[in-house]
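This is data-v5.txt (compact mmCIF, C-alpha atoms).
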```txt
# COMPACT_ATOMS: atom_id res chain seq x y z
CA MET A 1 137.73 240.63 -23.12
CA THR A 2 139.44 241.23 -19.78
CA ILE A 3 140.35 238.40 -17.42
CA ALA A 4 139.82 238.90 -13.67
CA ALA A 5 140.64 237.11 -10.44
CA PHE A 6 138.04 237.48 -7.67
CA PHE A 7 139.15 236.89 -4.08
CA ASP A 8 137.14 236.43 -0.94
CA VAL A 9 139.05 238.08 1.95
CA ASP A 10 138.34 236.60 5.38
CA GLY A 11 139.83 233.11 5.56
CA THR A 12 141.12 233.33 1.99
CA LEU A 13 143.64 236.17 2.00
CA LEU A 14 144.04 236.34 5.77
CA LYS A 15 142.82 234.67 8.95
CA ALA A 16 140.13 236.99 10.31
CA ASN A 17 136.39 237.55 10.14
CA ILE A 18 133.83 240.31 10.63
CA VAL A 19 133.66 239.60 14.37
CA HIS A 20 137.40 240.28 14.73
CA HIS A 21 137.03 243.45 12.65
CA TYR A 22 134.19 244.80 14.77
CA LEU A 23 135.89 243.98 18.08
CA TYR A 24 138.95 245.96 17.06
CA LEU A 25 136.86 249.01 16.12
CA ALA A 26 134.62 248.79 19.20
CA LYS A 27 137.46 248.42 21.72
CA GLN A 28 139.78 251.16 20.50
CA ASP A 29 140.20 254.27 22.63
CA ARG A 30 138.00 252.76 25.34
CA SER A 31 138.77 252.10 29.01
CA LEU A 32 139.66 248.55 30.09
CA TRP A 33 136.24 248.33 31.76
CA GLN A 34 134.46 249.34 28.54
CA GLN A 35 136.58 246.91 26.52
CA GLY A 36 135.68 244.12 28.92
CA LEU A 37 131.97 244.88 28.64
CA THR A 38 132.15 244.92 24.84
CA THR A 39 133.98 241.59 24.74
CA ALA A 40 131.65 239.97 27.30
CA ARG A 41 128.54 241.10 25.44
CA LEU A 42 129.83 239.76 22.15
CA LEU A 43 130.95 236.46 23.68
CA SER A 44 127.48 235.95 25.13
CA LEU A 45 126.06 236.21 21.61
CA VAL A 46 128.56 233.85 19.94
CA PRO A 47 126.35 230.71 20.17
CA PHE A 48 123.47 232.60 18.55
CA TYR A 49 125.75 234.01 15.83
CA LEU A 50 127.20 230.57 15.07
CA TRP A 51 123.72 229.08 14.81
CA LEU A 52 122.54 231.91 12.56
CA ASP A 53 125.62 231.66 10.33
CA ARG A 54 124.97 227.94 9.79
CA ILE A 55 121.44 228.76 8.64
CA SER A 56 122.32 231.71 6.40
CA ARG A 57 125.39 233.92 6.01
CA ASP A 58 123.08 236.64 4.67
CA ALA A 59 120.93 236.55 7.82
CA PHE A 60 124.01 236.53 10.04
CA ASN A 61 125.41 239.64 8.35
CA HIS A 62 122.09 241.49 8.64
CA VAL A 63 121.95 240.79 12.37
CA PHE A 64 125.64 241.20 13.19
CA TYR A 65 126.04 244.60 11.54
CA GLN A 66 123.45 246.01 13.94
CA ASN A 67 126.48 246.25 16.27
CA TYR A 68 127.75 249.17 14.16
CA ASP A 69 124.76 251.33 15.11
CA GLY A 70 126.05 254.66 16.42
CA LEU A 71 129.70 254.24 15.38
CA SER A 72 131.28 257.27 13.73
CA VAL A 73 132.04 256.69 10.05
CA GLU A 74 135.07 258.99 10.13
CA GLN A 75 136.47 257.29 13.21
CA CYS A 76 135.86 253.81 11.76
CA PHE A 77 137.83 254.70 8.62
CA ALA A 78 140.69 256.07 10.73
CA LEU A 79 140.66 252.98 12.96
CA GLY A 80 140.40 250.76 9.87
CA GLN A 81 143.69 252.17 8.65
CA ARG A 82 145.28 251.54 12.06
CA TYR A 83 143.81 248.04 12.20
CA PHE A 84 145.29 247.20 8.82
CA GLN A 85 148.75 248.41 9.85
CA GLN A 86 148.67 246.70 13.25
CA LYS A 87 146.87 243.44 12.46
CA LEU A 88 145.74 242.62 8.93
CA ARG A 89 148.88 243.55 6.98
CA SER A 90 151.10 241.08 8.83
CA GLY A 91 148.36 238.44 8.68
CA LEU A 92 148.15 238.30 4.88
CA PHE A 93 148.97 234.86 3.56
CA PRO A 94 152.25 235.00 1.55
CA ALA A 95 150.86 232.49 -0.95
CA ALA A 96 147.84 234.75 -1.50
CA LEU A 97 150.09 237.72 -2.23
CA GLN A 98 152.10 235.60 -4.63
CA GLN A 99 148.93 234.46 -6.40
CA ILE A 100 147.70 238.03 -6.75
CA ALA A 101 151.07 239.13 -8.13
CA GLU A 102 151.00 236.27 -10.63
CA HIS A 103 147.54 237.22 -11.88
CA LYS A 104 148.60 240.86 -12.14
CA SER A 105 151.66 239.91 -14.18
CA GLN A 106 149.34 238.17 -16.62
CA GLY A 107 147.23 241.32 -16.97
CA ALA A 108 144.26 240.16 -14.89
CA LYS A 109 142.11 242.61 -12.94
CA ILE A 110 142.04 241.77 -9.22
CA VAL A 111 138.79 242.23 -7.29
CA LEU A 112 138.13 241.59 -3.59
CA VAL A 113 134.59 240.31 -2.96
CA THR A 114 133.79 240.31 0.72
CA GLY A 115 131.09 240.57 3.34
CA SER A 116 133.32 242.89 5.37
CA VAL A 117 132.60 246.63 5.27
CA ASP A 118 134.45 249.30 3.32
CA CYS A 119 136.15 250.95 6.33
CA ILE A 120 137.96 247.64 6.95
CA ILE A 121 138.63 246.66 3.34
CA ALA A 122 139.64 250.04 1.87
CA PRO A 123 143.18 250.04 3.34
CA LEU A 124 143.72 246.44 2.20
CA ALA A 125 142.50 247.18 -1.32
CA GLU A 126 144.78 250.24 -1.50
CA PHE A 127 147.75 248.23 -0.22
CA LEU A 128 147.19 245.57 -2.87
CA GLY A 129 146.25 248.07 -5.59
CA VAL A 130 143.01 246.27 -6.42
CA SER A 131 139.25 246.88 -6.70
CA SER A 132 136.75 245.76 -4.08
CA LEU A 133 133.09 244.85 -3.72
CA THR A 134 132.11 245.21 -0.05
CA THR A 135 129.07 245.23 2.19
CA GLN A 136 127.75 248.79 2.53
CA LEU A 137 126.19 250.18 5.70
CA GLN A 138 123.66 253.00 5.86
CA VAL A 139 124.97 256.31 7.20
CA CYS A 140 123.03 259.13 8.88
CA ASN A 141 124.66 262.39 10.01
CA GLY A 142 128.11 260.82 9.91
CA TYR A 143 127.21 257.70 11.92
CA TYR A 144 126.40 254.14 10.92
CA THR A 145 122.79 253.15 11.57
CA GLY A 146 123.48 249.41 11.82
CA ASN A 147 121.30 248.76 8.77
CA LEU A 148 122.67 247.53 5.47
CA GLN A 149 122.52 249.55 2.29
CA GLY A 150 121.41 246.81 -0.07
CA GLU A 151 122.22 243.17 0.53
CA PRO A 152 125.25 241.79 2.39
CA VAL A 153 127.99 240.58 0.06
CA ALA A 154 127.54 236.88 0.72
CA GLU A 155 126.20 233.75 -0.94
CA GLN A 156 124.08 234.59 -4.02
CA GLU A 157 124.81 238.31 -3.71
CA LYS A 158 128.50 237.66 -4.35
CA ALA A 159 127.69 235.95 -7.63
CA ARG A 160 125.24 238.68 -8.62
CA LEU A 161 127.74 241.46 -7.94
CA ILE A 162 130.46 239.63 -9.84
CA ARG A 163 128.22 239.25 -12.89
CA GLN A 164 127.21 242.90 -12.66
CA PHE A 165 130.83 244.03 -12.29
CA ALA A 166 131.94 241.80 -15.15
CA ALA A 167 129.27 243.20 -17.46
CA SER A 168 130.31 246.79 -16.68
CA GLN A 169 134.03 246.08 -17.09
CA GLY A 170 133.94 243.73 -20.07
CA ILE A 171 135.28 240.79 -18.06
CA ASP A 172 135.20 237.26 -19.45
CA LEU A 173 133.99 235.21 -16.49
CA GLN A 174 134.48 231.89 -18.23
CA HIS A 175 138.23 232.50 -18.39
CA SER A 176 138.47 234.26 -15.02
CA TYR A 177 139.37 232.94 -11.56
CA ALA A 178 137.70 232.95 -8.14
CA TYR A 179 139.11 232.05 -4.71
CA GLY A 180 137.02 231.32 -1.62
CA ASP A 181 137.20 229.37 1.63
CA SER A 182 133.58 228.86 2.71
CA ILE A 183 130.48 227.09 1.48
CA ALA A 184 128.98 230.60 1.50
CA ASP A 185 131.40 231.36 -1.37
CA LEU A 186 130.00 228.55 -3.50
CA PRO A 187 127.74 230.75 -5.72
CA MET A 188 130.75 232.98 -6.45
CA LEU A 189 132.95 230.03 -7.30
CA GLN A 190 130.29 228.49 -9.53
CA ALA A 191 129.92 231.77 -11.44
CA ILE A 192 133.54 231.64 -12.63
CA GLY A 193 135.29 229.41 -15.12
CA HIS A 194 138.27 228.66 -12.86
CA PRO A 195 137.18 228.26 -9.21
CA VAL A 196 139.77 227.56 -6.50
CA ALA A 197 138.98 226.45 -2.94
CA VAL A 198 141.37 227.99 -0.40
CA ASN A 199 141.52 226.64 3.16
CA PRO A 200 138.04 225.23 2.50
CA ASP A 201 135.57 224.30 5.21
CA VAL A 202 134.27 220.74 5.24
CA ALA A 203 131.28 221.41 2.97
CA LEU A 204 133.28 223.34 0.36
CA SER A 205 136.13 220.84 0.46
CA ARG A 206 133.71 218.01 -0.35
CA ILE A 207 132.19 219.89 -3.28
CA ALA A 208 135.57 221.03 -4.60
CA THR A 209 136.90 217.47 -4.46
CA GLN A 210 133.85 216.10 -6.28
CA ALA A 211 134.07 218.82 -8.94
CA GLY A 212 137.81 218.46 -9.39
CA TRP A 213 138.56 222.06 -8.40
CA PRO A 214 142.06 222.97 -7.20
CA ILE A 215 142.33 223.08 -3.40
CA LYS A 216 144.95 225.35 -1.82
CA GLN A 217 146.15 225.62 1.77
CA TRP A 218 147.39 229.15 2.47
CA LYS A 219 148.80 230.05 5.87
CA ALA A 220 150.15 233.14 7.58
CA ASP A 221 153.85 233.81 8.01
CA ARG A 222 154.23 235.87 11.17
CA HIS A 223 157.94 236.44 10.54
CA SER A 224 157.45 238.56 7.45
CA THR A 225 155.59 241.81 6.92
CA PRO A 226 154.53 242.66 3.35
CA SER A 227 155.73 246.06 2.22
CA SER A 228 153.85 248.23 -0.21
CA PRO A 229 152.81 251.89 -0.34
CA THR A 230 149.53 252.61 1.42
CA VAL A 231 147.14 255.52 0.98
CA VAL A 232 144.97 256.84 3.78
CA SER A 233 141.39 256.02 2.86
CA GLN A 234 138.58 258.55 3.08
CA PRO A 235 135.09 257.86 4.48
CA PRO A 236 132.14 257.98 2.09
CA GLU A 237 129.75 260.90 1.95
CA PRO A 238 126.95 260.52 4.54
CA CYS A 239 123.54 259.47 3.29
CA LEU A 240 121.09 261.73 5.09
```

Structure translated into structure tokens:
Amino acid sequence: MTIAAFFDVDGTLLKANIVHHYLYLAKQDRSLWQQGLTTARLLSLVPFYLWLDRISRDAFNHVFYQNYDGLSVEQCFALGQRYFQQKLRSGLFPAALQQIAEHKSQGAKIVLVTGSVDCIIAPLAEFLGVSSLTTQLQVCNGYYTGNLQGEPVAEQEKARLIRQFAASQGIDLQHSYAYGDSIADLPMLQAIGHPVAVNPDVALSRIATQAGWPIKQWKADRHSTPSSPTVVSQPPEPCL
């Protein structure tokens, strides 16, 4: 049986979230006036988004990804590559990279499991040389519709996808590892034999402490930039 290490991305491998990702995509190649309007509109919705996220990460993702309605898939993949080079790459936690390298040296398969979309995660997965399970958006005529294709990769869906992936790849979950930072990652962590809480929120920290799980604090090092070959990612085929 194969051993795997499953990593949440936002807050676990780097300090960012799906709001940051969308803002970057939405503001690129726009006038300062358009950028200001985009930022102001999103800021006005922050209290609602925070409230919704506290109720359900699944519900938050369903609502938030409506913002992608009308965005070009091809352009989002091109901007996702630029975003990775300009922002995400330098924001990767050195300790996370070290942990991934350690698991790789032991022959483990590395899998990113994240609620972020493929146009954002593809460059990161290619940089790390790993697999990924991401939230998928519906596409029509080359543009995102704002609707999800299936369920968002959060909460129980993370655990379900991990079990499905493990069954298809012959992965021994009992001897595998999982890393997450949020209480929304709890089902994923509970599905694995060796769960690790990374930069945990209050709720996850309490559960991890009670269960005796390892707790890690990983931070960014702005003075170093990881170097590794990258491959330009390609957008998926449109679903008409």

Q: Using all atoms listed in the file, pick whichever of A:Ile215, A:Ala5, A:Cys76, A:Val46 has the shortest atom-to-atom distance to Gly107 in chain A.
A: A:Ala5

Q. Which one is closest to Arg82 in chain A: A:Tyr24, A:Trp51, A:Tyr65, A:Phe127? Count only C-alpha atoms.
A.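 Of A:Tyr24, A:Trp51, A:Tyr65, A:Phe127, the one nearest Arg82 in chain A is A:Tyr24, counting only C-alpha atoms.
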
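Coordinates place CA of Glu126 in chain A at a distance of 15.2 Å from CA of Ser90 in chain A.
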
Q) What is the CA of Phe165 in chain A to CA of Phe77 in chain A distance in Å? A) 24.5 Å

Could you work out an axis-aligned bounding box for all listed atoms of range 130-149 of chain A, with 8 Å added on each of the six sides, and give its centre and edge lengths in Å to one decimal, as lines of an AutoDock Vina configuration file?
```
center_x = 132.2
center_y = 253.6
center_z = 2.6
size_x = 37.7
size_y = 33.5
size_z = 34.6
```

Q.
List as JSON, numbers by chain the protein and nucleic acid residues near Lys109 in chain A, meaning an atom at most 9 Å away when only C-alpha atoms are counted, but skip any in the same chain fewer than 4 places from it.
A. {"A": [2, 3, 4, 5, 6, 103, 104, 130, 131, 171]}

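Distances to Ile121 in chain A were evaluated for A:Ser44, A:Tyr143, A:Phe60, A:Arg89 using only C-alpha atoms, and the minimum falls at A:Arg89.
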
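Distances from A:Val153, A:Gln210, A:Leu189, A:Lys87 to Lys15 in chain A were compared using all atoms listed in the file, and the smallest one belongs to A:Lys87.
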
Q. Which polymer residues have any atom within 6 Å of an atom of Leu14 in chain A, counting only C-alpha atoms, with same-chain residues fewer than 6 positions away left out, as a PyMOL selection string?
A. chain A and resi 91-93

Q.
Calculated over all atoms listed in the file, which of the candidates A:Ser182, A:Gly129, A:Ile162, A:Tyr83 has the smallest distance to Leu97 in chain A?
A.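 Closest to Leu97 in chain A, using all atoms listed in the file: A:Gly129.
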
(Q) Nearest residue to Thr145 in chain A out of A:Val73, A:Leu52, A:Ala220, A:Ile183, using only C-alpha atoms? (A) A:Val73

Is there a way to get, as an mmCIF file with C-alpha atoms, in the frame of the given file, all residues within 12 Å of the point (140.9, 251.8, 11.6) in file coordinates, counting all atoms listed in the file?
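So point_9.cif came out as:
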```cif
data_model
loop_
_atom_site.group_PDB
_atom_site.id
_atom_site.type_symbol
_atom_site.label_atom_id
_atom_site.label_comp_id
_atom_site.auth_asym_id
_atom_site.auth_seq_id
_atom_site.Cartn_x
_atom_site.Cartn_y
_atom_site.Cartn_z
ATOM 1 C CA HIS A 21 137.030 243.450 12.650
ATOM 2 C CA TYR A 22 134.190 244.800 14.770
ATOM 3 C CA LEU A 23 135.890 243.980 18.080
ATOM 4 C CA TYR A 24 138.950 245.960 17.060
ATOM 5 C CA LEU A 25 136.860 249.010 16.120
ATOM 6 C CA ALA A 26 134.620 248.790 19.200
ATOM 7 C CA LYS A 27 137.460 248.420 21.720
ATOM 8 C CA GLN A 28 139.780 251.160 20.500
ATOM 9 C CA ASP A 29 140.200 254.270 22.630
ATOM 10 C CA SER A 72 131.280 257.270 13.730
ATOM 11 C CA VAL A 73 132.040 256.690 10.050
ATOM 12 C CA GLU A 74 135.070 258.990 10.130
ATOM 13 C CA GLN A 75 136.470 257.290 13.210
ATOM 14 C CA CYS A 76 135.860 253.810 11.760
ATOM 15 C CA PHE A 77 137.830 254.700 8.620
ATOM 16 C CA ALA A 78 140.690 256.070 10.730
ATOM 17 C CA LEU A 79 140.660 252.980 12.960
ATOM 18 C CA GLY A 80 140.400 250.760 9.870
ATOM 19 C CA GLN A 81 143.690 252.170 8.650
ATOM 20 C CA ARG A 82 145.280 251.540 12.060
ATOM 21 C CA TYR A 83 143.810 248.040 12.200
ATOM 22 C CA PHE A 84 145.290 247.200 8.820
ATOM 23 C CA GLN A 85 148.750 248.410 9.850
ATOM 24 C CA GLN A 86 148.670 246.700 13.250
ATOM 25 C CA LYS A 87 146.870 243.440 12.460
ATOM 26 C CA LEU A 88 145.740 242.620 8.930
ATOM 27 C CA VAL A 117 132.600 246.630 5.270
ATOM 28 C CA ASP A 118 134.450 249.300 3.320
ATOM 29 C CA CYS A 119 136.150 250.950 6.330
ATOM 30 C CA ILE A 120 137.960 247.640 6.950
ATOM 31 C CA ILE A 121 138.630 246.660 3.340
ATOM 32 C CA ALA A 122 139.640 250.040 1.870
ATOM 33 C CA PRO A 123 143.180 250.040 3.340
ATOM 34 C CA LEU A 124 143.720 246.440 2.200
ATOM 35 C CA VAL A 232 144.970 256.840 3.780
ATOM 36 C CA SER A 233 141.390 256.020 2.860
ATOM 37 C CA GLN A 234 138.580 258.550 3.080
ATOM 38 C CA PRO A 235 135.090 257.860 4.480
#
```

Fill-in result for range 37-65 of chain A, N, CA and C atoms as a PDB file, in the coordinates of the input:
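Written output follows (part.pdb):
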```pdb
ATOM      1  N   LEU A  37     133.411 244.974  28.861  1.00  0.00           N
ATOM      2  CA  LEU A  37     131.970 244.880  28.640  1.00  0.00           C
ATOM      3  C   LEU A  37     131.656 244.536  27.187  1.00  0.00           C
ATOM      4  N   THR A  38     132.369 245.180  26.267  1.00  0.00           N
ATOM      5  CA  THR A  38     132.150 244.920  24.840  1.00  0.00           C
ATOM      6  C   THR A  38     132.449 243.469  24.502  1.00  0.00           C
ATOM      7  N   THR A  39     133.581 242.974  25.008  1.00  0.00           N
ATOM      8  CA  THR A  39     133.980 241.590  24.740  1.00  0.00           C
ATOM      9  C   THR A  39     132.984 240.607  25.360  1.00  0.00           C
ATOM     10  N   ALA A  40     132.592 240.870  26.607  1.00  0.00           N
ATOM     11  CA  ALA A  40     131.650 239.970  27.300  1.00  0.00           C
ATOM     12  C   ALA A  40     130.309 239.911  26.583  1.00  0.00           C
ATOM     13  N   ARG A  41     129.823 241.075  26.143  1.00  0.00           N
ATOM     14  CA  ARG A  41     128.540 241.100  25.440  1.00  0.00           C
ATOM     15  C   ARG A  41     128.609 240.300  24.155  1.00  0.00           C
ATOM     16  N   LEU A  42     129.708 240.473  23.420  1.00  0.00           N
ATOM     17  CA  LEU A  42     129.830 239.760  22.150  1.00  0.00           C
ATOM     18  C   LEU A  42     129.990 238.262  22.380  1.00  0.00           C
ATOM     19  N   LEU A  43     130.763 237.888  23.391  1.00  0.00           N
ATOM     20  CA  LEU A  43     130.950 236.460  23.680  1.00  0.00           C
ATOM     21  C   LEU A  43     129.624 235.795  24.052  1.00  0.00           C
ATOM     22  N   SER A  44     128.774 236.520  24.753  1.00  0.00           N
ATOM     23  CA  SER A  44     127.480 235.950  25.130  1.00  0.00           C
ATOM     24  C   SER A  44     126.600 235.670  23.922  1.00  0.00           C
ATOM     25  N   LEU A  45     126.864 236.372  22.813  1.00  0.00           N
ATOM     26  CA  LEU A  45     126.060 236.210  21.610  1.00  0.00           C
ATOM     27  C   LEU A  45     126.657 235.212  20.615  1.00  0.00           C
ATOM     28  N   VAL A  46     127.874 234.738  20.886  1.00  0.00           N
ATOM     29  CA  VAL A  46     128.560 233.850  19.940  1.00  0.00           C
ATOM     30  C   VAL A  46     127.740 232.603  19.587  1.00  0.00           C
ATOM     31  N   PRO A  47     127.159 231.888  20.552  1.00  0.00           N
ATOM     32  CA  PRO A  47     126.350 230.710  20.170  1.00  0.00           C
ATOM     33  C   PRO A  47     125.225 231.049  19.200  1.00  0.00           C
ATOM     34  N   PHE A  48     124.554 232.177  19.448  1.00  0.00           N
ATOM     35  CA  PHE A  48     123.470 232.600  18.550  1.00  0.00           C
ATOM     36  C   PHE A  48     124.023 232.930  17.171  1.00  0.00           C
ATOM     37  N   TYR A  49     125.157 233.644  17.119  1.00  0.00           N
ATOM     38  CA  TYR A  49     125.750 234.010  15.830  1.00  0.00           C
ATOM     39  C   TYR A  49     126.183 232.770  15.046  1.00  0.00           C
ATOM     40  N   LEU A  50     126.764 231.801  15.740  1.00  0.00           N
ATOM     41  CA  LEU A  50     127.200 230.570  15.070  1.00  0.00           C
ATOM     42  C   LEU A  50     126.005 229.820  14.492  1.00  0.00           C
ATOM     43  N   TRP A  51     124.944 229.749  15.270  1.00  0.00           N
ATOM     44  CA  TRP A  51     123.720 229.080  14.810  1.00  0.00           C
ATOM     45  C   TRP A  51     123.155 229.801  13.589  1.00  0.00           C
ATOM     46  N   LEU A  52     123.102 231.121  13.656  1.00  0.00           N
ATOM     47  CA  LEU A  52     122.540 231.910  12.560  1.00  0.00           C
ATOM     48  C   LEU A  52     123.398 231.787  11.305  1.00  0.00           C
ATOM     49  N   ASP A  53     124.724 231.768  11.476  1.00  0.00           N
ATOM     50  CA  ASP A  53     125.620 231.660  10.330  1.00  0.00           C
ATOM     51  C   ASP A  53     125.454 230.316   9.623  1.00  0.00           C
ATOM     52  N   ARG A  54     125.188 229.266  10.398  1.00  0.00           N
ATOM     53  CA  ARG A  54     124.970 227.940   9.790  1.00  0.00           C
ATOM     54  C   ARG A  54     123.689 227.922   8.966  1.00  0.00           C
ATOM     55  N   ILE A  55     122.706 228.694   9.381  1.00  0.00           N
ATOM     56  CA  ILE A  55     121.440 228.760   8.640  1.00  0.00           C
ATOM     57  C   ILE A  55     121.591 229.602   7.385  1.00  0.00           C
ATOM     58  N   SER A  56     122.195 230.798   7.529  1.00  0.00           N
ATOM     59  CA  SER A  56     122.320 231.710   6.400  1.00  0.00           C
ATOM     60  C   SER A  56     123.373 232.766   6.702  1.00  0.00           C
ATOM     61  N   ARG A  57     124.388 232.864   5.855  1.00  0.00           N
ATOM     62  CA  ARG A  57     125.390 233.920   6.010  1.00  0.00           C
ATOM     63  C   ARG A  57     124.749 235.295   5.805  1.00  0.00           C
ATOM     64  N   ASP A  58     123.784 235.383   4.886  1.00  0.00           N
ATOM     65  CA  ASP A  58     123.080 236.640   4.670  1.00  0.00           C
ATOM     66  C   ASP A  58     122.398 237.107   5.961  1.00  0.00           C
ATOM     67  N   ALA A  59     121.648 236.198   6.596  1.00  0.00           N
ATOM     68  CA  ALA A  59     120.930 236.550   7.820  1.00  0.00           C
ATOM     69  C   ALA A  59     121.912 236.937   8.926  1.00  0.00           C
ATOM     70  N   PHE A  60     123.009 236.215   9.030  1.00  0.00           N
ATOM     71  CA  PHE A  60     124.010 236.530  10.040  1.00  0.00           C
ATOM     72  C   PHE A  60     124.546 237.953   9.849  1.00  0.00           C
ATOM     73  N   ASN A  61     124.876 238.307   8.607  1.00  0.00           N
ATOM     74  CA  ASN A  61     125.410 239.640   8.350  1.00  0.00           C
ATOM     75  C   ASN A  61     124.390 240.728   8.702  1.00  0.00           C
ATOM     76  N   HIS A  62     123.133 240.511   8.323  1.00  0.00           N
ATOM     77  CA  HIS A  62     122.090 241.490   8.640  1.00  0.00           C
ATOM     78  C   HIS A  62     122.015 241.743  10.147  1.00  0.00           C
ATOM     79  N   VAL A  63     122.070 240.671  10.912  1.00  0.00           N
ATOM     80  CA  VAL A  63     121.950 240.790  12.370  1.00  0.00           C
ATOM     81  C   VAL A  63     123.241 241.335  12.974  1.00  0.00           C
ATOM     82  N   PHE A  64     124.384 240.804  12.553  1.00  0.00           N
ATOM     83  CA  PHE A  64     125.640 241.200  13.190  1.00  0.00           C
ATOM     84  C   PHE A  64     125.953 242.682  12.991  1.00  0.00           C
ATOM     85  N   TYR A  65     125.670 243.213  11.811  1.00  0.00           N
ATOM     86  CA  TYR A  65     126.040 244.600  11.540  1.00  0.00           C
ATOM     87  C   TYR A  65     125.191 245.606  12.312  1.00  0.00           C
TER      88      TYR A  65
END
```
